[in-house]
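Q: Below is the structure I would like to discuss, written out as structure tokens.
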Amino acid sequence: MELEDTVAVEVRKQEEVVETWNQRKQTQIMQLSEKLIHGDLDSQIEAARDIRKLVRKSSSSSSSSSMKTRSKLAAAGVIQPLVLMLVSPSLDAREASLLALLNLAVRNERNKVKIVTAGAVPPLVELLKFQNGSLRELATAAILTLSAAAPNKPAIVAAGATPLLVQILCSGSVQGKVDSVTALHNLSTSTENSAILDAKAALPLINLLKECKKYSKFAEKTTALLEILSNSEEGRIAISKSDGGILTLVETVEDGSLVSTEHAVGALLSLCQSCRDKYRELILNEGAIPGLLRLTVEGTAEGRERARTLLDLLRDSPREKRLASSVLERIVYDIAARVDGADKAAETAKRLLQDMVQRSMEHSLSRIQHSAASCTPSDIRST
């Protein structure tokens, strides 16, 4: 009994400590709210900075603690005065409120919606126009975070954020460009916002795709945006005229994740379907066949279908009766079944097709090396 009593006493002590801490935190939250609502500008800036510190401190202890802190701060009424600070003549006030709102919005969908409902989007869009790089980056990060909540997307698009995000994509800092891609991707996933992209986005998107790992999540978002662009004539022209545009999509088909390869082949397919005579040679000249053959074996269901359709379009005589890739697969499967039996046919067929892809890739590489070796310096300069 003595041991049980000791344990019970310790548990009560811990509960009292937690309760005391929660009371102190709640008192602090109410004081911060009071400063924001009734304080002068300096007090508001100090309170906004303290809100950021409080949320970050809670995050370092546990995710549940940080979620509760964000919810309690919102319930205390701090969001509206923080939003009002976004239009303050003081740049320090704008920066402090931006950082506080960002910390309140992260991992809290309800707060994201509350911030937009409180009127944050128009002043954030104005901040996207700023020459002040730091504030513009923070505003981009805020738009990114708020655009993750589905109810916020129409309001952000309606406020004119999209063309400004494209501008940052073209001329912003590296972090600004990365955040712009994610924000634009968030906005594009809403059906009514699927046509929001300007063709000017093609070149910076291609350049970012060149530089990133083709199997990364960032590449998946970038290729998704390029596929959307490929659905318009302006977008297709911009992609094809971008330095290395088609080549970069072909490389993504070869090296990307299942998602990015599906989007990349979708963009190439859109080009070829829009005008086969114009884009067929451009795609073939970048060595697309090996990657497309492999995709018919290893891609998603949608990716495999797109690859087959594009391969058919890339053949010399699309109007004549030809051997479709699906027929080729059936022939290989039949051969495999005769050699190894029906139970192992699928595995053998896949191995045979992969071997065909590998041989095709080696042949393409050999052809490219031969062409490169036959070029003279004057040939290179004239291109």
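Just remember, in the structure tokens the first chain shown is A, the second B, etc., residues are 1-based per chain, and ligands are 1-based in the order shown.
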What residues in segment 123-288 of chain A get the DSSP label alpha helix (DSSP H)? Please answer as a PyMOL selection string.
A: chain A and resi 123-128+133-147+153-158+161-171+174-188+202-211+217-229+233-241+245-255+258-274+276-285
Q: As a list of chain:residue names, please: the residues near Lys25 of chain A (cut-off 12 Å, only C-alpha atoms, same-chain neighbours under 3 positions excluded).
A: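 So, after excluding close chain neighbours, the residues are A:Val18, A:Glu19, A:Thr20, A:Trp21, A:Asn22, A:Gln28, A:Ile29, A:Met30, A:Gln31, A:Leu32, A:Ile51, A:Leu54, A:Val55, A:Lys57, A:Ser58, A:Ser65, A:Ser66, A:Lys68, A:Thr69, A:Arg70, A:Lys72, A:Leu73.
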Q: Let's have the selection written as a PDB file, in the first residue's frame, with C-alpha atoms.
A:
```pdb
ATOM      1  CA  VAL A  18       0.746  20.274 -15.834  1.00  0.00           C
ATOM      2  CA  GLU A  19      -2.329  22.149 -14.643  1.00  0.00           C
ATOM      3  CA  THR A  20      -0.212  25.030 -13.351  1.00  0.00           C
ATOM      4  CA  TRP A  21       1.658  25.169 -16.676  1.00  0.00           C
ATOM      5  CA  ASN A  22      -1.591  25.149 -18.652  1.00  0.00           C
ATOM      6  CA  GLN A  28      -0.066  34.331 -21.379  1.00  0.00           C
ATOM      7  CA  ILE A  29      -2.345  33.748 -24.362  1.00  0.00           C
ATOM      8  CA  MET A  30      -4.984  36.119 -22.981  1.00  0.00           C
ATOM      9  CA  GLN A  31      -2.340  38.770 -22.295  1.00  0.00           C
ATOM     10  CA  LEU A  32      -1.042  38.473 -25.855  1.00  0.00           C
ATOM     11  CA  ILE A  51       2.963  34.384 -30.467  1.00  0.00           C
ATOM     12  CA  LEU A  54       5.049  30.443 -28.057  1.00  0.00           C
ATOM     13  CA  VAL A  55       3.916  28.261 -30.969  1.00  0.00           C
ATOM     14  CA  LYS A  57       8.180  26.400 -28.176  1.00  0.00           C
ATOM     15  CA  SER A  58       5.047  24.237 -28.050  1.00  0.00           C
ATOM     16  CA  SER A  65       0.793  20.569 -27.576  1.00  0.00           C
ATOM     17  CA  SER A  66       1.468  22.832 -30.567  1.00  0.00           C
ATOM     18  CA  LYS A  68      -3.670  22.949 -28.790  1.00  0.00           C
ATOM     19  CA  THR A  69      -1.652  26.158 -28.540  1.00  0.00           C
ATOM     20  CA  ARG A  70      -2.617  27.200 -32.072  1.00  0.00           C
ATOM     21  CA  LYS A  72      -6.254  28.349 -28.059  1.00  0.00           C
ATOM     22  CA  LEU A  73      -4.586  31.382 -29.638  1.00  0.00           C
TER      23      LEU A  73
END
```
Q: To one decimal place, how far is atom CA of Leu82 of chain A from atom CA of Pro163 of chain A in Å?
A: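 Calculated distance between atom CA of Leu82 of chain A and atom CA of Pro163 of chain A is 25.7 Å.
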Q: Report, in Å with one decimal, the straight-line distance from atom CA of Leu311 of chain A to atom CA of Pro290 of chain A.
A: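 Interatomic distance, atom CA of Leu311 of chain A to atom CA of Pro290 of chain A: 10.2 Å.
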Q: Could you pull the residues within 8 Å of segment 104-109 of chain A, counting only C-alpha atoms, minus those fewer than 6 positions along the same chain, as a list in words?
A: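 The filter keeps Arg52, Val55, Met67, Arg70, Ala74, Ile115, Thr145, Leu146 and Ala149 of chain A.
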Q: Could the residues in this selection be written to a file with C-alpha atoms, as a PDB file, in the first residue's frame?
A:
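Writing the result to result_38.pdb gives the following:
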```
ATOM      1  CA  ARG A  52       5.479  32.970 -32.914  1.00  0.00           C
ATOM      2  CA  VAL A  55       3.916  28.261 -30.969  1.00  0.00           C
ATOM      3  CA  MET A  67      -1.951  22.034 -32.055  1.00  0.00           C
ATOM      4  CA  ARG A  70      -2.617  27.200 -32.072  1.00  0.00           C
ATOM      5  CA  ALA A  74      -7.211  31.448 -32.394  1.00  0.00           C
ATOM      6  CA  ILE A 115      -7.167  33.558 -41.495  1.00  0.00           C
ATOM      7  CA  THR A 145       0.301  27.438 -46.562  1.00  0.00           C
ATOM      8  CA  LEU A 146      -3.210  28.891 -46.871  1.00  0.00           C
ATOM      9  CA  ALA A 149      -6.933  24.236 -47.449  1.00  0.00           C
TER      10      ALA A 149
END
```
Q: Record the distance separating atom CA of Gly160 of chain A and atom CA of Glu220 of chain A, expressed in Å with one decimal.
A: 24.7 Å
Q: Choose the residue, out of A:Glu46, A:Ala139, A:Val297, A:Leu282, that has the smallest atom-to-atom separation from Lys241 of chain A; count only C-alpha atoms.
A: A:Leu282
Q: Just want the 10 Å neighbourhood of Asp277 of chain A, counted on only C-alpha atoms, with same-chain residues fewer than 5 positions away dropped. Output as a list of chain:residue names.
A: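 That gives A:Cys272, A:Leu282, A:Leu313, A:Leu314.
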Q: Which residue, A:Leu127, A:Ala346, A:Ala301, A:Ile196, has the smallest gap to Lys153 of chain A when you use only C-alpha atoms?
A: A:Ile196
Q: Quick one: everything within 12 Å of Ile37 of chain A, counting only C-alpha atoms, minus sequence neighbours fewer than 5 positions away in the same chain. Send it as a PyMOL selection string.
A: chain A and resi 30-32+43-45+47-48+76-85
Q: With N, CA and C atoms retained, could you export that selection as a PDB file, in the first residue's frame?
A:
```pdb
ATOM      1  N   MET A  30      -4.018  35.026 -23.153  1.00  0.00           N
ATOM      2  CA  MET A  30      -4.984  36.119 -22.981  1.00  0.00           C
ATOM      3  C   MET A  30      -4.280  37.477 -22.938  1.00  0.00           C
ATOM      4  N   GLN A  31      -3.101  37.519 -22.337  1.00  0.00           N
ATOM      5  CA  GLN A  31      -2.340  38.770 -22.295  1.00  0.00           C
ATOM      6  C   GLN A  31      -1.889  39.179 -23.701  1.00  0.00           C
ATOM      7  N   LEU A  32      -1.452  38.182 -24.487  1.00  0.00           N
ATOM      8  CA  LEU A  32      -1.042  38.473 -25.855  1.00  0.00           C
ATOM      9  C   LEU A  32      -2.219  38.977 -26.686  1.00  0.00           C
ATOM     10  N   SER A  43       3.513  47.478 -28.915  1.00  0.00           N
ATOM     11  CA  SER A  43       2.992  46.356 -28.134  1.00  0.00           C
ATOM     12  C   SER A  43       2.455  45.254 -29.046  1.00  0.00           C
ATOM     13  N   GLN A  44       1.828  45.663 -30.138  1.00  0.00           N
ATOM     14  CA  GLN A  44       1.297  44.677 -31.095  1.00  0.00           C
ATOM     15  C   GLN A  44       2.422  43.884 -31.760  1.00  0.00           C
ATOM     16  N   ILE A  45       3.474  44.597 -32.134  1.00  0.00           N
ATOM     17  CA  ILE A  45       4.622  43.918 -32.760  1.00  0.00           C
ATOM     18  C   ILE A  45       5.242  42.927 -31.782  1.00  0.00           C
ATOM     19  N   ALA A  47       3.780  41.479 -29.251  1.00  0.00           N
ATOM     20  CA  ALA A  47       2.839  40.373 -29.045  1.00  0.00           C
ATOM     21  C   ALA A  47       2.881  39.390 -30.218  1.00  0.00           C
ATOM     22  N   ALA A  48       2.963  39.910 -31.433  1.00  0.00           N
ATOM     23  CA  ALA A  48       3.024  39.046 -32.612  1.00  0.00           C
ATOM     24  C   ALA A  48       4.277  38.173 -32.581  1.00  0.00           C
ATOM     25  N   ALA A  76      -8.709  32.803 -28.690  1.00  0.00           N
ATOM     26  CA  ALA A  76      -8.527  34.035 -27.912  1.00  0.00           C
ATOM     27  C   ALA A  76      -8.660  35.288 -28.773  1.00  0.00           C
ATOM     28  N   GLY A  77      -8.836  35.106 -30.085  1.00  0.00           N
ATOM     29  CA  GLY A  77      -9.102  36.253 -30.958  1.00  0.00           C
ATOM     30  C   GLY A  77      -7.881  36.961 -31.507  1.00  0.00           C
ATOM     31  N   VAL A  78      -6.756  36.239 -31.659  1.00  0.00           N
ATOM     32  CA  VAL A  78      -5.539  36.913 -32.133  1.00  0.00           C
ATOM     33  C   VAL A  78      -5.483  37.048 -33.651  1.00  0.00           C
ATOM     34  N   ILE A  79      -6.275  36.271 -34.376  1.00  0.00           N
ATOM     35  CA  ILE A  79      -6.138  36.249 -35.840  1.00  0.00           C
ATOM     36  C   ILE A  79      -6.535  37.578 -36.479  1.00  0.00           C
ATOM     37  N   GLN A  80      -7.693  38.129 -36.089  1.00  0.00           N
ATOM     38  CA  GLN A  80      -8.164  39.362 -36.721  1.00  0.00           C
ATOM     39  C   GLN A  80      -7.183  40.527 -36.551  1.00  0.00           C
ATOM     40  N   PRO A  81      -6.679  40.816 -35.334  1.00  0.00           N
ATOM     41  CA  PRO A  81      -5.715  41.917 -35.222  1.00  0.00           C
ATOM     42  C   PRO A  81      -4.408  41.645 -35.963  1.00  0.00           C
ATOM     43  N   LEU A  82      -4.000  40.381 -36.056  1.00  0.00           N
ATOM     44  CA  LEU A  82      -2.793  40.060 -36.826  1.00  0.00           C
ATOM     45  C   LEU A  82      -3.013  40.345 -38.309  1.00  0.00           C
ATOM     46  N   VAL A  83      -4.191  40.034 -38.815  1.00  0.00           N
ATOM     47  CA  VAL A  83      -4.514  40.315 -40.220  1.00  0.00           C
ATOM     48  C   VAL A  83      -4.520  41.820 -40.470  1.00  0.00           C
ATOM     49  N   LEU A  84      -5.059  42.595 -39.533  1.00  0.00           N
ATOM     50  CA  LEU A  84      -5.071  44.052 -39.681  1.00  0.00           C
ATOM     51  C   LEU A  84      -3.652  44.628 -39.728  1.00  0.00           C
ATOM     52  N   MET A  85      -2.723  43.974 -39.038  1.00  0.00           N
ATOM     53  CA  MET A  85      -1.328  44.434 -39.047  1.00  0.00           C
ATOM     54  C   MET A  85      -0.672  44.255 -40.418  1.00  0.00           C
TER      55      MET A  85
END
```
Q: Using only C-alpha atoms, determine which residues lie at most 8 Å from Val121 of chain A, disregarding the query and same-chain residues fewer than 5 positions distant; provide the list as a PyMOL selection string.
A: chain A and resi 116+143+155-156+159
Q: List the neighbours of Glu234 of chain A out to 7 Å using only C-alpha atoms; skip same-chain residues closer than 3 positions along the sequence, and give me the result as a PyMOL selection string.
A: chain A and resi 199+237-238
Q: Atoms to include: N, CA, C and O atoms. Write the selected residues as a PDB file, in the first residue's frame.
A:
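Written output follows (selection-v3.pdb):
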```pdb
ATOM      1  N   ALA A 199       1.211  30.908 -69.796  1.00  0.00           N
ATOM      2  CA  ALA A 199       2.266  30.213 -70.537  1.00  0.00           C
ATOM      3  C   ALA A 199       3.663  30.692 -70.150  1.00  0.00           C
ATOM      4  O   ALA A 199       4.651  29.974 -70.363  1.00  0.00           O
ATOM      5  N   ILE A 237       3.398  25.753 -77.125  1.00  0.00           N
ATOM      6  CA  ILE A 237       4.439  26.511 -77.837  1.00  0.00           C
ATOM      7  C   ILE A 237       5.550  26.912 -76.864  1.00  0.00           C
ATOM      8  O   ILE A 237       6.740  26.785 -77.179  1.00  0.00           O
ATOM      9  N   ALA A 238       5.153  27.367 -75.675  1.00  0.00           N
ATOM     10  CA  ALA A 238       6.140  27.801 -74.681  1.00  0.00           C
ATOM     11  C   ALA A 238       7.028  26.637 -74.235  1.00  0.00           C
ATOM     12  O   ALA A 238       8.239  26.793 -74.059  1.00  0.00           O
TER      13      ALA A 238
END
```
Q: Point out the residue among A:Asn103, A:Asn111, A:Ser90, A:Ser240 with the least atom-to-atom distance to Lys53 of chain A, counting only C-alpha atoms.
A: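 The shortest atom-to-atom distance to Lys53 of chain A comes from A:Asn103.
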